[in-house]
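Enquirer: Quick one: the structure is below, questions incoming.
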Amino acid sequence: MNHDSNEYNASAALHGGRDESFADAFCEPLALTSAYTFSSAQDAFEKFSGQRQGNVYSRFTNPTVRTFERRMAALEGAQDAAAFATGMGAITALCHALLRQGDNVVCSRDVFGTTIIALRNYMGRFGIEVRLVELTDLDAWARHIDDNTRLVLLESPSNPLLNVADLRGICRIAHAHGARVAVDNTLLTPVFQRPHAFGADLVVHSAGKYIDGQGRALAGVITGSSELVGELRGVLRSLGISCSPFNAWLLLKSLETLEVRMERVADSALALASWLRQQAQVEAVHYTGLAEHPQHALASEQQHGHGGLLSFRLHGGRPAAWAWIDALQLVARCTNIGDTRSMVTHPATTTHCRLSAGEQQAAGICEGLVRLSVGLERLDDLKTDLDTAFSAAKRSLQTRPGNARVYEVAS
Ligand SMILES: *Cc1c(COP(=O)(O)O)cnc(C)c1O
């Protein structure tokens with residue numbers, strides 16, 4: 001190569017100054033590459049055929065994504081992990097990896113709404129039966145799981161009502177029938193619950209919630225045995241629901257602060273839950289950290305903490321809930337969860353609005369229910385915002401003739 005030439009060196013623009021090894025970089029490098037070079041045809045053959053580990057193509061092998069996967073596996077106490085584009089992508093891969101025509105899936109009724117739609121409307125087309133059961137009713141799990149059950153899927157605690165499953169009991173029933181158990185651990189993260197310890201075969205995360213925790217990236221991840229994760233990676237390679245390296249890189253950074261964020265939101269959530277139950281306008285508070293929670297003992301045994309999500313029911317139904325939500329100044333009206341900033345949602349008219357009135361009632365989603373995802377703001381500031389909103393909601397309802405009576409009952 002003639003370095004004295006005045007000619008633009010197009011090859012150097014592509015190949016020059018390349019650092020083959022980032023091994024001494026303090027922060028994990030972001031490998032924004034779709035493909036990889038091979039040292040020889042033999043090297044390519046061995047990596048493509050899986051005889052030797054190595055990077056092939058970023059749809060299923062990328063060093064930044066791989067670092068995120070290994071870190072998640074370590075955090076959940078699993079042999080391996082596979083990352084996906086989104087939480088729903090992870091659940092889709094899970095179904096494709098495990099299910100065949102004629103199988104059934106037994107799923108708790110109060111999993112993430114889109115999970116039920118994905119199972120019923122899409123997996124249902126391939127001849128897979130979906131059976132929904134009450135999360136807390138162990139007898140119902142025993143009645144519905146049979147020898148055709150390949151997958152048992154649940155979330156504990158559930159969102160937004162914070163019902164708690166007996167993880168050990170459900171795993172025992174499922175394993176007796178040869179079924180795999182997948183637990184969606186998005187709400188608590190491995191900081192507060194490690195479902196593999198109770199027998200879960202697979203642990204699923206929507207990583208854009210607490211794991212990112214800063215509302216920047218979508219991703220999903222599943223941890224489990226090398227064998228099961230190998231099957232998931234096969235789906236990833238063929239169906240292409242891949243995690244972006246950039247998102248994996250963000251998530252690696254986020255994981256470094258996961259524990260301190262989780263501890264802080266859990267402390268604030270408990271303080272707010274205790275305070276909310278003393279408010280006259282509040283009919284009931286759902287938070288597993290409260291001693292009065294029906295499964296507080298089970299939650300305290302399975303979990304190291306109670307997380308940052310709580311919900312509560314206001315007296316006065318939708319007008320009261322909406323008035324309170326609209327009066328908040330600091331807490332954002334946003335249907336997401338797990339962010340550094342606090343967020344509020346009215347489930348009946350947002351996340352659960354596709355359910356019929358009857359289905360909402362069966363699911364316990366009433367019109368007065370409000371969900372709060374507690375963030376990292378100062379606790380006093382949050383309390384002031386919630387308190388001010390109660391006063392403002394009360395005033396606004398009293399000035400509306402049709403609703404005045406509601407608050408006489410409440411206070
Ligand atoms: C958000 C969420 C999902 C879906 O994840 P996406 O990344 O939005 O696809 C699944 N499970 C739970 C518990 C969730 O909160």
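Going by the structure tokens order, chains are called A, B, ..., each with residues numbered from 1, while ligands are numbered from 1 in the order shown.
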Select the residues contacting ligand 1 at a distance of at most 10 Å, based on only C-alpha atoms and all ligand atoms, then format the selection as a ChimeraX atom specification.
Expert: /A:84-92,110-115,154-160,183-188,204-210,217-221,335-338
Enquirer: Taking only segment 173-377 of chain A into account, list the residues labelled alpha helix (DSSP H) by DSSP (computed from the backbone), as a PyMOL selection string.
Expert: chain A and resi 173-176+189-192+226-239+245-255+258-276+296-302+317-327+357-363
Enquirer: Give me the segment 72-147 of chain A side of the contact with segment 253-256 of chain A, cut-off 12 Å, one line per residue showing its nearest atom pair and distance in Å at one decimal, counting only C-alpha atoms, sorted by chain and residue number, as a tab-separated table.
Expert:
residue	atom	partner	partner_atom	distance
A:Met72	CA	A:Leu255	CA	8.7
A:Ala74	CA	A:Leu255	CA	11.7
A:Leu75	CA	A:Leu255	CA	9.5
Enquirer: So that I have them on file, write out the residues from the current selection with C-alpha atoms, as a PDB file, in the first residue's frame.
Expert:
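What landed in out_28.pdb:
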ATOM      1  CA  MET A  72     -28.417 -12.963  33.142  1.00  0.00           C
ATOM      2  CA  ALA A  74     -25.399 -15.977  36.390  1.00  0.00           C
ATOM      3  CA  LEU A  75     -27.945 -13.675  38.055  1.00  0.00           C
TER       4      LEU A  75
END
Enquirer: Can you work out which one of A:Val235, A:Leu397, A:Leu372, A:Ala182 has the shortest atom-to-atom distance to Val344 of chain A, counting only C-alpha atoms?
Expert: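 Closest candidate: A:Leu372.
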Enquirer: Report the distance between atom CA of Asn55 of chain A and atom CA of Tyr36 of chain A in Å, rounded to one decimal place.
Expert: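 Going from atom CA of Asn55 of chain A over to atom CA of Tyr36 of chain A, I get 6.3 Å.
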Enquirer: Rank nothing, just name the residue among A:Thr149, A:Gln302, A:Thr37, A:Ser274 nearest to Pro190 of chain A, using only C-alpha atoms.
Expert: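 Of A:Thr149, A:Gln302, A:Thr37, A:Ser274, the one nearest Pro190 of chain A, counting only C-alpha atoms, is A:Gln302.
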